[in-house]
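Have a look at entry.tsv; it's TSV, C-alpha atoms (C1' of nucleotides):
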```
chain	number	residue	atom	x	y	z
A	1	MET	CA	24.38	-23.30	13.02
A	2	TYR	CA	21.34	-23.88	15.17
A	3	SER	CA	20.71	-27.16	16.94
A	4	THR	CA	18.44	-29.73	15.38
A	5	GLU	CA	16.50	-30.00	18.61
A	6	GLN	CA	15.79	-26.30	18.75
A	7	LYS	CA	14.62	-26.30	15.14
A	8	LEU	CA	12.48	-29.41	15.49
A	9	HIS	CA	10.90	-28.08	18.67
A	10	PHE	CA	9.99	-24.93	16.83
A	11	SER	CA	8.41	-26.59	13.80
A	12	THR	CA	6.41	-29.24	15.63
A	13	ASN	CA	5.10	-27.03	18.41
A	14	LEU	CA	4.25	-24.20	16.05
A	15	LEU	CA	2.28	-26.50	13.74
A	16	GLU	CA	0.40	-28.01	16.65
A	17	TRP	CA	-0.44	-24.55	17.98
A	18	TYR	CA	-1.60	-23.34	14.57
A	19	GLY	CA	-3.96	-26.28	14.25
A	20	ARG	CA	-5.76	-25.12	17.37
A	21	HIS	CA	-5.49	-21.33	17.13
A	22	LYS	CA	-5.61	-20.27	13.50
A	23	ARG	CA	-7.99	-17.46	12.66
A	24	ASP	CA	-10.84	-18.01	10.24
A	25	LEU	CA	-9.73	-15.63	7.47
A	26	PRO	CA	-11.57	-15.38	4.13
A	27	TRP	CA	-8.56	-16.47	2.05
A	28	ARG	CA	-8.04	-19.50	4.27
A	29	ARG	CA	-11.35	-20.99	3.18
A	30	SER	CA	-9.95	-21.85	-0.23
A	31	LYS	CA	-6.76	-23.15	-1.81
A	32	ASN	CA	-7.54	-21.40	-5.08
A	33	PRO	CA	-4.12	-19.98	-6.05
A	34	TYR	CA	-5.76	-16.93	-7.62
A	35	TYR	CA	-7.50	-16.03	-4.35
A	36	ILE	CA	-4.35	-16.72	-2.33
A	37	TRP	CA	-2.46	-14.48	-4.72
A	38	ILE	CA	-4.93	-11.60	-4.38
A	39	SER	CA	-4.81	-11.83	-0.60
A	40	GLU	CA	-1.01	-11.88	-0.53
A	41	VAL	CA	-0.74	-8.79	-2.71
A	42	MET	CA	-3.33	-6.93	-0.66
A	43	LEU	CA	-1.54	-7.92	2.53
A	44	GLN	CA	1.73	-6.34	1.43
A	45	GLN	CA	2.31	-3.54	3.94
A	46	THR	CA	-1.37	-3.67	4.87
A	47	ARG	CA	-3.08	-5.08	7.96
A	48	VAL	CA	-5.38	-8.06	7.92
A	49	ASP	CA	-8.39	-6.13	9.25
A	50	THR	CA	-8.00	-3.51	6.54
A	51	VAL	CA	-7.71	-6.10	3.79
A	52	ILE	CA	-10.73	-8.28	4.68
A	53	PRO	CA	-13.50	-6.06	3.23
A	54	TYR	CA	-11.42	-5.25	0.15
A	55	PHE	CA	-10.77	-8.94	-0.42
A	56	HIS	CA	-14.48	-9.80	-0.27
A	57	ARG	CA	-15.41	-7.06	-2.73
A	58	PHE	CA	-12.52	-7.85	-5.04
A	59	VAL	CA	-13.18	-11.57	-5.45
A	60	GLU	CA	-16.86	-10.89	-5.87
A	61	GLN	CA	-16.16	-8.37	-8.59
A	62	PHE	CA	-13.35	-10.39	-10.23
A	63	PRO	CA	-14.10	-14.03	-9.31
A	64	THR	CA	-11.76	-15.63	-11.84
A	65	VAL	CA	-8.43	-15.03	-13.56
A	66	GLU	CA	-10.36	-14.35	-16.74
A	67	ALA	CA	-12.65	-11.81	-15.04
A	68	LEU	CA	-9.71	-9.78	-13.75
A	69	ALA	CA	-7.71	-10.19	-16.95
A	70	THR	CA	-10.53	-8.78	-19.07
A	71	ALA	CA	-11.68	-6.02	-16.71
A	72	PRO	CA	-11.00	-2.34	-17.48
A	73	GLU	CA	-8.02	-1.05	-15.53
A	74	GLU	CA	-10.00	1.88	-14.09
A	75	GLN	CA	-12.39	-0.59	-12.51
A	76	VAL	CA	-9.52	-2.43	-10.84
A	77	LEU	CA	-8.01	0.81	-9.53
A	78	LYS	CA	-11.42	1.83	-8.20
A	79	ALA	CA	-11.72	-1.49	-6.36
A	80	TRP	CA	-8.31	-0.76	-4.83
A	81	GLU	CA	-9.19	2.84	-3.83
A	82	GLY	CA	-8.05	3.52	-0.25
A	83	LEU	CA	-5.72	0.53	0.02
A	84	GLY	CA	-2.68	2.46	-1.14
A	85	TYR	CA	0.39	1.35	-3.12
A	86	TYR	CA	-1.70	1.42	-6.28
A	87	SER	CA	1.04	-0.10	-8.40
A	88	ARG	CA	0.13	-3.33	-6.60
A	89	ALA	CA	-3.26	-3.29	-8.34
A	90	ARG	CA	-1.86	-2.44	-11.74
A	91	ASN	CA	0.91	-5.03	-11.44
A	92	LEU	CA	-1.56	-7.66	-10.25
A	93	GLN	CA	-3.83	-7.16	-13.22
A	94	SER	CA	-0.89	-7.14	-15.59
A	95	ALA	CA	0.40	-10.40	-14.10
A	96	VAL	CA	-3.05	-11.99	-14.12
A	97	ARG	CA	-3.35	-11.12	-17.80
A	98	GLU	CA	-0.09	-12.95	-18.40
A	99	VAL	CA	-1.38	-15.99	-16.52
A	100	HIS	CA	-4.57	-15.82	-18.56
A	101	GLU	CA	-2.76	-15.67	-21.88
A	102	ARG	CA	0.46	-17.58	-21.38
A	103	TYR	CA	-0.55	-20.17	-18.77
A	104	ASP	CA	-4.13	-20.76	-19.86
A	105	GLY	CA	-5.43	-19.18	-16.66
A	106	ILE	CA	-3.54	-21.54	-14.34
A	107	VAL	CA	-1.19	-19.90	-11.80
A	108	PRO	CA	2.18	-21.57	-12.47
A	109	GLN	CA	3.79	-23.86	-9.90
A	110	THR	CA	7.51	-23.19	-10.21
A	111	LYS	CA	9.51	-20.54	-8.37
A	112	GLU	CA	10.98	-19.21	-11.61
A	113	GLU	CA	7.66	-18.79	-13.40
A	114	VAL	CA	5.76	-17.29	-10.47
A	115	SER	CA	8.61	-14.92	-9.62
A	116	SER	CA	8.70	-13.63	-13.17
A	117	LEU	CA	5.16	-12.26	-12.80
A	118	LYS	CA	4.76	-8.52	-12.30
A	119	GLY	CA	4.67	-7.51	-8.64
A	120	VAL	CA	5.58	-10.97	-7.40
A	121	GLY	CA	8.81	-10.91	-5.40
A	122	PRO	CA	10.49	-13.45	-3.14
A	123	TYR	CA	7.86	-13.23	-0.42
A	124	THR	CA	4.76	-13.44	-2.60
A	125	SER	CA	6.09	-16.24	-4.79
A	126	GLY	CA	6.95	-18.27	-1.70
A	127	ALA	CA	3.55	-17.56	-0.20
A	128	ILE	CA	1.61	-18.61	-3.31
A	129	LEU	CA	3.67	-21.75	-3.88
A	130	SER	CA	3.55	-22.88	-0.27
A	131	ILE	CA	0.03	-21.88	0.73
A	132	ALA	CA	-1.79	-22.83	-2.46
A	133	TYR	CA	0.39	-25.69	-3.73
A	134	ASN	CA	2.09	-26.82	-0.51
A	135	LYS	CA	5.53	-26.45	-2.09
A	136	PRO	CA	8.38	-26.28	0.48
A	137	GLU	CA	9.32	-22.65	-0.26
A	138	PRO	CA	9.98	-20.05	2.45
A	139	ALA	CA	7.75	-16.95	2.66
A	140	VAL	CA	9.70	-14.44	4.71
A	141	ASP	CA	7.87	-11.26	5.62
A	142	GLY	CA	8.20	-8.86	8.53
A	143	ASN	CA	6.40	-11.24	10.89
A	144	VAL	CA	8.68	-14.12	10.02
A	145	MET	CA	11.84	-12.06	10.44
A	146	ARG	CA	10.66	-10.89	13.83
A	147	VAL	CA	9.80	-14.40	15.02
A	148	LEU	CA	13.01	-15.98	13.73
A	149	SER	CA	15.24	-13.17	14.96
A	150	ARG	CA	13.83	-13.66	18.45
A	151	TYR	CA	13.66	-17.43	18.60
A	152	PHE	CA	17.16	-17.91	17.17
A	153	LEU	CA	18.56	-14.66	18.60
A	154	ILE	CA	19.65	-13.20	15.27
A	155	GLU	CA	21.08	-9.72	15.77
A	156	GLU	CA	21.64	-8.77	12.14
A	157	ASP	CA	19.84	-5.68	10.85
A	158	ILE	CA	16.69	-7.02	9.19
A	159	MET	CA	16.72	-4.09	6.76
A	160	LYS	CA	19.77	-5.59	5.07
A	161	PRO	CA	19.08	-7.83	2.07
A	162	SER	CA	21.77	-10.23	3.30
A	163	THR	CA	19.81	-10.79	6.51
A	164	ARG	CA	16.75	-11.67	4.51
A	165	THR	CA	18.77	-14.31	2.66
A	166	VAL	CA	19.84	-15.83	5.96
A	167	MET	CA	16.23	-15.86	7.14
A	168	GLU	CA	15.03	-17.54	3.94
A	169	LYS	CA	17.59	-20.31	4.26
A	170	LEU	CA	16.62	-20.88	7.88
A	171	ALA	CA	12.88	-20.74	7.14
A	172	ARG	CA	13.32	-23.31	4.38
A	173	GLU	CA	15.11	-25.68	6.75
A	174	LEU	CA	12.28	-25.41	9.25
A	175	ILE	CA	9.63	-26.77	6.88
A	176	LEU	CA	8.85	-30.38	7.74
A	177	GLU	CA	7.91	-32.76	4.94
A	178	GLY	CA	4.48	-31.99	3.51
A	179	THR	CA	3.65	-29.13	5.92
A	180	ALA	CA	4.70	-26.04	3.96
A	181	SER	CA	1.23	-24.53	3.60
A	182	ASP	CA	0.33	-24.72	7.28
A	183	PHE	CA	3.82	-24.02	8.54
A	184	ASN	CA	4.31	-20.76	6.64
A	185	GLN	CA	0.89	-19.54	7.68
A	186	ALA	CA	1.60	-20.63	11.25
A	187	LEU	CA	4.81	-18.61	11.29
A	188	MET	CA	2.98	-15.46	10.20
A	189	GLU	CA	0.09	-16.19	12.53
A	190	LEU	CA	2.47	-16.44	15.48
A	191	GLY	CA	4.05	-13.12	14.53
A	192	ALA	CA	0.66	-11.44	14.22
A	193	MET	CA	-1.00	-12.88	17.34
A	194	VAL	CA	1.72	-13.80	19.85
A	195	CYS	CA	5.21	-12.67	18.87
A	196	THR	CA	4.02	-9.09	18.34
A	197	PRO	CA	6.34	-6.12	17.67
A	198	ARG	CA	5.80	-4.70	21.14
A	199	SER	CA	4.86	-6.56	24.33
A	200	PRO	CA	5.05	-10.08	22.88
A	201	HIS	CA	2.82	-12.62	24.63
A	202	CYS	CA	5.62	-14.98	25.56
A	203	LEU	CA	3.68	-16.74	28.30
A	204	THR	CA	1.22	-18.16	25.78
A	205	CYS	CA	3.82	-18.81	23.10
A	206	PRO	CA	4.01	-22.42	21.93
A	207	VAL	CA	7.79	-22.23	21.41
A	208	MET	CA	8.83	-20.16	24.43
A	209	ALA	CA	10.66	-23.10	26.01
A	210	HIS	CA	13.52	-22.91	23.51
A	211	CYS	CA	13.35	-19.26	22.49
A	212	SER	CA	16.91	-17.89	22.60
A	213	GLY	CA	15.76	-14.29	22.47
A	214	ARG	CA	13.62	-14.72	25.55
A	215	GLU	CA	16.31	-16.68	27.38
A	216	ALA	CA	18.63	-13.75	26.80
A	217	GLY	CA	15.96	-11.24	27.84
A	218	MET	CA	16.23	-9.76	24.35
A	219	GLU	CA	12.72	-10.36	23.01
A	220	GLU	CA	11.70	-6.70	23.22
A	221	ALA	CA	14.92	-5.50	21.59
A	222	LEU	CA	14.62	-7.79	18.58
A	223	PRO	CA	14.52	-7.60	15.67
A	224	ILE	CA	17.35	-5.12	15.16
A	225	LYS	CA	16.22	-2.59	12.59
A	226	LYS	CA	17.89	0.56	11.39
A	227	LYS	CA	15.63	3.60	11.70
A	228	ALA	CA	14.02	4.88	8.54
A	229	LYS	CA	14.42	8.48	7.53
A	230	PRO	CA	11.40	10.68	8.28
A	231	PRO	CA	9.31	11.73	5.28
A	232	ARG	CA	10.26	15.09	3.79
A	233	PRO	CA	7.57	17.77	4.02
A	234	GLU	CA	6.01	19.30	0.90
A	235	LEU	CA	3.56	22.20	0.96
A	236	ARG	CA	0.74	22.04	-1.57
A	237	ALA	CA	-2.16	24.36	-2.32
A	238	VAL	CA	-5.33	22.70	-3.58
A	239	ALA	CA	-8.06	24.35	-5.64
A	240	LEU	CA	-11.60	23.12	-5.10
A	241	ILE	CA	-13.00	24.56	-8.33
A	242	GLU	CA	-16.78	24.78	-8.63
A	243	GLY	CA	-18.38	24.72	-12.03
A	244	THR	CA	-20.89	27.30	-13.24
A	245	GLY	CA	-23.56	27.18	-15.92
A	246	GLU	CA	-23.81	23.69	-17.36
A	247	ASN	CA	-21.15	22.52	-14.88
A	248	ALA	CA	-22.94	23.90	-11.83
A	249	GLY	CA	-22.69	21.57	-8.86
A	250	LYS	CA	-19.58	19.91	-10.28
A	251	TRP	CA	-15.87	20.08	-9.49
A	252	LEU	CA	-12.87	20.13	-11.77
A	253	ILE	CA	-10.74	17.01	-11.26
A	254	ARG	CA	-7.74	15.68	-13.12
A	255	GLN	CA	-5.98	12.37	-13.72
A	256	ARG	CA	-2.33	11.99	-12.78
A	257	PRO	CA	0.31	10.78	-15.27
A	258	GLN	CA	0.80	7.11	-16.14
A	259	GLU	CA	3.89	6.71	-14.00
A	260	GLY	CA	5.27	7.81	-10.68
A	261	LEU	CA	3.50	8.80	-7.49
A	262	LEU	CA	-0.21	7.86	-7.48
A	263	ALA	CA	-0.04	6.89	-11.15
A	264	LYS	CA	-3.36	7.21	-13.01
A	265	MET	CA	-5.24	8.24	-9.89
A	266	TRP	CA	-7.67	11.18	-10.00
A	267	GLU	CA	-7.29	14.23	-7.80
A	268	LEU	CA	-8.22	17.87	-7.23
A	269	PRO	CA	-5.96	20.35	-9.01
A	270	HIS	CA	-3.11	21.43	-6.79
A	271	VAL	CA	0.33	23.04	-6.98
A	272	ALA	CA	3.59	22.49	-5.16
A	273	TRP	CA	4.67	25.41	-3.00
A	274	ALA	CA	8.13	26.78	-3.72
A	275	SER	CA	8.56	28.25	-0.26
A	276	ASP	CA	8.64	26.13	2.89
A	277	SER	CA	6.09	28.23	4.71
A	278	TRP	CA	2.61	29.66	4.13
A	279	GLN	CA	1.68	33.33	4.01
A	280	SER	CA	-1.72	34.85	4.72
A	281	ASP	CA	-4.72	33.24	3.03
A	282	GLU	CA	-4.97	36.23	0.69
A	283	GLU	CA	-1.37	35.88	-0.42
A	284	ASN	CA	-1.64	32.09	-0.67
A	285	GLN	CA	-4.69	32.39	-2.91
A	286	ASP	CA	-2.93	34.91	-5.14
A	287	GLU	CA	0.01	32.56	-5.49
A	288	LEU	CA	-2.27	29.59	-6.15
A	289	ARG	CA	-4.08	31.52	-8.88
A	290	SER	CA	-0.81	32.55	-10.44
A	291	LEU	CA	0.73	29.07	-10.35
A	292	LEU	CA	-2.36	27.36	-11.78
A	293	ALA	CA	-2.47	29.86	-14.62
A	294	GLU	CA	1.21	29.41	-15.32
A	295	GLN	CA	1.45	25.63	-15.04
A	296	GLU	CA	-1.98	24.48	-16.21
A	297	GLN	CA	-3.44	27.50	-18.01
A	298	ILE	CA	-6.31	27.37	-15.55
A	299	VAL	CA	-7.47	30.82	-14.51
A	300	ILE	CA	-9.42	30.87	-11.27
A	301	GLN	CA	-11.04	33.34	-8.93
A	302	PRO	CA	-10.26	32.13	-5.39
A	303	GLU	CA	-13.19	32.32	-2.98
A	304	GLY	CA	-11.67	31.64	0.40
A	305	TRP	CA	-9.96	29.10	2.62
A	306	PHE	CA	-11.78	25.77	2.96
A	307	MET	CA	-9.63	23.42	5.07
A	308	ASP	CA	-6.13	22.25	5.94
A	309	THR	CA	-5.17	18.61	5.69
A	310	GLU	CA	-2.23	16.23	5.44
A	311	HIS	CA	-1.37	13.23	3.33
A	312	ILE	CA	1.44	11.03	4.58
A	313	PHE	CA	3.37	8.76	2.23
A	314	SER	CA	6.27	6.61	3.34
A	315	HIS	CA	8.78	9.16	2.00
A	316	ILE	CA	6.82	12.44	1.66
A	317	VAL	CA	4.26	14.31	3.70
A	318	TRP	CA	1.95	16.66	1.82
A	319	LYS	CA	0.89	19.60	3.98
A	320	MET	CA	-2.10	20.95	2.12
A	321	LYS	CA	-4.23	24.08	2.20
A	322	VAL	CA	-7.49	23.81	0.30
A	323	TYR	CA	-9.08	26.92	-1.23
A	324	ARG	CA	-12.47	27.21	-2.88
A	325	ALA	CA	-12.48	28.81	-6.32
A	326	LYS	CA	-14.48	29.44	-9.47
A	327	LEU	CA	-13.26	29.42	-13.04
A	328	LEU	CA	-13.07	32.82	-14.64
A	329	PRO	CA	-15.26	33.05	-17.76
A	330	ALA	CA	-12.35	34.59	-19.66
A	331	SER	CA	-10.39	31.40	-19.36
A	332	GLY	CA	-12.40	29.42	-21.90
A	333	GLN	CA	-9.44	27.94	-23.77
A	334	GLY	CA	-7.78	25.96	-21.00
A	335	PRO	CA	-7.11	22.25	-20.93
A	336	TRP	CA	-10.52	21.59	-19.36
A	337	ALA	CA	-12.29	22.90	-22.45
A	338	GLY	CA	-14.26	19.95	-23.76
A	339	ALA	CA	-12.84	18.01	-20.87
A	340	ASN	CA	-15.75	15.62	-20.76
A	341	ALA	CA	-15.48	14.85	-24.46
A	342	SER	CA	-12.88	12.15	-23.87
A	343	PHE	CA	-9.81	14.30	-23.85
A	344	PRO	CA	-6.84	12.31	-25.16
A	345	THR	CA	-4.49	10.86	-22.57
A	346	GLY	CA	-0.81	10.15	-22.78
A	347	ASP	CA	0.19	13.31	-24.60
A	348	SER	CA	3.60	14.28	-23.34
A	349	TRP	CA	2.75	17.98	-23.39
A	350	MET	CA	-0.39	17.35	-21.41
A	351	PRO	CA	0.43	15.53	-18.15
A	352	PHE	CA	-3.06	15.85	-16.69
A	353	HIS	CA	-6.45	14.90	-18.03
A	354	TYR	CA	-9.27	17.11	-16.72
A	355	ARG	CA	-12.95	16.48	-16.14
A	356	TRP	CA	-15.97	18.03	-14.51
A	357	VAL	CA	-17.66	15.63	-12.12
A	358	GLY	CA	-20.51	15.79	-9.64
A	359	PRO	CA	-20.91	13.80	-6.44
A	360	GLU	CA	-22.92	11.19	-8.37
A	361	ASP	CA	-19.95	10.55	-10.69
A	362	LEU	CA	-17.35	9.85	-8.00
A	363	GLY	CA	-17.94	6.10	-8.21
A	364	ASP	CA	-16.32	6.11	-11.65
A	365	TYR	CA	-12.99	7.55	-10.52
A	366	ALA	CA	-10.34	6.29	-8.11
A	367	PHE	CA	-8.98	8.98	-5.76
A	368	PRO	CA	-6.26	8.90	-3.11
A	369	ASN	CA	-7.94	9.07	0.28
A	370	VAL	CA	-6.91	12.64	1.01
A	371	PHE	CA	-9.09	13.90	-1.85
A	372	VAL	CA	-11.97	11.67	-0.83
A	373	ARG	CA	-11.78	13.30	2.59
A	374	ILE	CA	-11.78	16.80	1.13
A	375	MET	CA	-14.74	16.13	-1.13
A	376	ARG	CA	-16.67	14.41	1.64
A	377	GLU	CA	-16.06	17.41	3.91
A	378	TRP	CA	-17.35	19.65	1.15
A	379	GLN	CA	-20.53	17.62	0.74
A	380	GLU	CA	-21.18	17.59	4.48
A	381	GLN	CA	-20.88	21.37	4.67
A	382	GLY	CA	-23.26	21.76	1.76
A	383	GLU	CA	-26.01	19.89	3.53
B	1	DA	C1'	22.36	-0.07	-0.66
B	2	DA	C1'	19.00	3.40	-0.92
B	3	DA	C1'	15.02	5.52	-2.70
B	4	DC	C1'	10.43	5.19	-4.20
B	5	DC	C1'	5.64	3.75	-3.51
B	6	DG	C1'	-0.13	4.80	0.56
B	7	DG	C1'	-2.66	4.48	4.30
B	8	DG	C1'	-4.14	3.44	8.70
B	9	DG	C1'	-4.23	1.10	13.35
B	10	DA	C1'	-2.15	0.57	17.77
B	11	DA	C1'	0.27	2.05	21.82
C	1	DT	C1'	3.79	11.22	18.51
C	2	DT	C1'	6.17	6.56	16.77
C	3	DC	C1'	6.09	2.23	14.83
C	4	DC	C1'	5.18	-0.88	11.27
C	5	DC	C1'	2.28	-3.70	8.80
C	6	DA	C1'	1.58	-11.34	5.14
C	7	DG	C1'	6.83	-6.10	0.10
C	8	DG	C1'	8.27	-5.02	-4.78
C	9	DT	C1'	10.61	-2.23	-8.12
C	10	DT	C1'	13.87	1.00	-9.62
C	11	DT	C1'	18.15	3.45	-9.40
```
Using structure tokens, write down the structure that the file contains.
Amino acid sequence: MYSTEQKLHFSTNLLEWYGRHKRDLPWRRSKNPYYIWISEVMLQQTRVDTVIPYFHRFVEQFPTVEALATAPEEQVLKAWEGLGYYSRARNLQSAVREVHERYDGIVPQTKEEVSSLKGVGPYTSGAILSIAYNKPEPAVDGNVMRVLSRYFLIEEDIMKPSTRTVMEKLARELILEGTASDFNQALMELGAMVCTPRSPHCLTCPVMAHCSGREAGMEEALPIKKKAKPPRPELRAVALIEGTGENAGKWLIRQRPQEGLLAKMWELPHVAWASDSWQSDEENQDELRSLLAEQEQIVIQPEGWFMDTEHIFSHIVWKMKVYRAKLLPASGQGPWAGANASFPTGDSWMPFHYRWVGPEDLGDYAFPNVFVRIMREWQEQGE
DNA sequence: AAACCGGGGAA
DNA sequence: TTCCCAGGTTT
């Protein structure tokens, strides 16, 4: 398919370049498969600069397979707070528990065993096996597909699974004997530092001389990628409910269900808006009060608009209006009654688990960033 | 094959 | 604004 010379030029020059230009990243200072694994999971759909501080805190808090395997899940979610894709954290702990129990704490070394672990797909298994164990397995991520599609002028849509298969076969053929660990990292490093999505730095590229994409003047047009659909908008009204009496200075928060969007994360009570537009603040607050009473048996007295904000997922965008509110005394029998007395979770009739918390308690609960922003705004206004 | 699953940095 | 990032799972 592709000439041996072109392939050999690529592998040798890339390796030589990597030896001189690789960044000093925290997870490159060790070959501990557990640390490599953590870094690879964190790096899924997340930039290096974002991951670095999380990685440091995470390995400090959970330095060994056993430490993570035996930690409470809430603590792991809290350590992941702000990174997004929280199923990554829950899957990682679940998989680490399996390694702890079934493999005596040693990350397995075969493709089949590693791939069977929760949250470990083709990319991550290849990355762990190659980087930590130097096994000649491909690790094809977005960087690698971009680099290969340009260098070998591959015009297939990289969103198609079949294209990924082609890339994996090619990437495997490019690994020279005994160089898998460095080569796979070099490939990603080139994609991150030189062969960037826009304005690639071809003049400093170690493999420019035989790059088919550049020869064809196609480097900016590659890789070919079908456009994703825009996220659908959803309006949501949020209630920032202040406690009174013994709950003065606290807010009412709730934990989301075990599965689905933001599983097990904590949040401020909010309701989906049936209509696709807002009314006046007075009408919105009336509707919010009515919906909370209906859906959650929470009866509030709204006390005015607080802020507007947005939360963007890959497939949804929450357009949120936040209203301050107090609980009405008459509503003493709601789901928050005795909320701090370890209300049972997992009841099918009771999707949310409520609690009163003050600013000093926030360290015990993992929130999606949008709610962190709202609560921080609230604290700043109170000062 | 398409949908679901967060959040932010860069241009 | 748009893109897309060291992806995986479910339908």
Which chain A residues have any atom within 10 Å of an atom of chain C, and for each, what is the nearest pair of atoms with distance in Å to one decimal, counting all atoms listed in the file, rows sorted by chain and number, as a Markdown table?
```
| residue | atom | partner | partner_atom | distance |
| --- | --- | --- | --- | --- |
| A:Ser39 | CA | C:DA6 | C1' | 8.6 |
| A:Glu40 | CA | C:DA6 | C1' | 6.3 |
| A:Val41 | CA | C:DG7 | C1' | 8.5 |
| A:Met42 | CA | C:DA6 | C1' | 8.8 |
| A:Leu43 | CA | C:DA6 | C1' | 5.3 |
| A:Gln44 | CA | C:DG7 | C1' | 5.3 |
| A:Gln45 | CA | C:DC5 | C1' | 4.9 |
| A:Thr46 | CA | C:DC5 | C1' | 5.4 |
| A:Arg47 | CA | C:DC5 | C1' | 5.6 |
| A:Val48 | CA | C:DA6 | C1' | 8.2 |
| A:Ser87 | CA | C:DG8 | C1' | 9.5 |
| A:Arg88 | CA | C:DG8 | C1' | 8.5 |
| A:Asn91 | CA | C:DG8 | C1' | 9.9 |
| A:Lys118 | CA | C:DG8 | C1' | 9.0 |
| A:Gly119 | CA | C:DG8 | C1' | 5.8 |
| A:Val120 | CA | C:DG8 | C1' | 7.0 |
| A:Gly121 | CA | C:DG8 | C1' | 5.9 |
| A:Pro122 | CA | C:DG7 | C1' | 8.8 |
| A:Tyr123 | CA | C:DG7 | C1' | 7.2 |
| A:Thr124 | CA | C:DG7 | C1' | 8.1 |
| A:Ala127 | CA | C:DA6 | C1' | 8.4 |
| A:Ala139 | CA | C:DA6 | C1' | 8.7 |
| A:Val140 | CA | C:DA6 | C1' | 8.7 |
| A:Asp141 | CA | C:DA6 | C1' | 6.3 |
| A:Gly142 | CA | C:DA6 | C1' | 7.8 |
| A:Asn143 | CA | C:DA6 | C1' | 7.5 |
| A:Val144 | CA | C:DA6 | C1' | 9.1 |
| A:Asn184 | CA | C:DA6 | C1' | 9.9 |
| A:Gln185 | CA | C:DA6 | C1' | 8.6 |
| A:Met188 | CA | C:DA6 | C1' | 6.7 |
| A:Glu189 | CA | C:DA6 | C1' | 9.0 |
| A:Gly191 | CA | C:DA6 | C1' | 9.9 |
| A:Ala192 | CA | C:DA6 | C1' | 9.1 |
| A:Pro197 | CA | C:DC4 | C1' | 8.4 |
| A:Arg198 | CA | C:DC3 | C1' | 9.4 |
```
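Here atom CA of A:Cys211 is placed at a distance of 11.8 Å from atom CA of A:Tyr2.
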Mind dumping a table of every chain B residue within 6 Å of chain A, with the nearest atom pair and its distance in Å to one decimal, using only C-alpha atoms (C1' of nucleotides), sorted by chain and rising number, as a Markdown table?
```
| residue | atom | partner | partner_atom | distance |
| --- | --- | --- | --- | --- |
| B:DC5 | C1' | A:Tyr85 | CA | 5.8 |
| B:DG6 | C1' | A:Gly84 | CA | 3.9 |
| B:DG7 | C1' | A:Gly84 | CA | 5.8 |
```
**Asked** Interatomic distance between atom CA of A:Phe58 and atom CA of A:Ser94?
**Response** 15.7 Å
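Taking atom CA of A:His210 and atom CA of A:Ser11 as endpoints, the distance between them is 11.6 Å.
Nearest-residue note for B:DA10: choosing from A:Thr196, A:Ser115, A:Ser3, A:Thr12, the minimum distance belongs to A:Thr196, counting all atoms listed in the file.
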Might I get the box with edges along x, y and z of the file that holds all atoms of stretch 1-8 of chain C listed there, padded by 8 Å on every side, given as centre and edge lengths in Å to one decimal, as AutoDock Vina command-line options?
```
--center_x 4.9 --center_y -0.1 --center_z 6.9 --size_x 22.7 --size_y 38.6 --size_z 39.3
```
**Who sits within 8 Å of A:Asp182, only C-alpha atoms (C1' of nucleotides), same chain under 4 positions skipped, as a ChimeraX atom specification** = /A:15,18,131,186
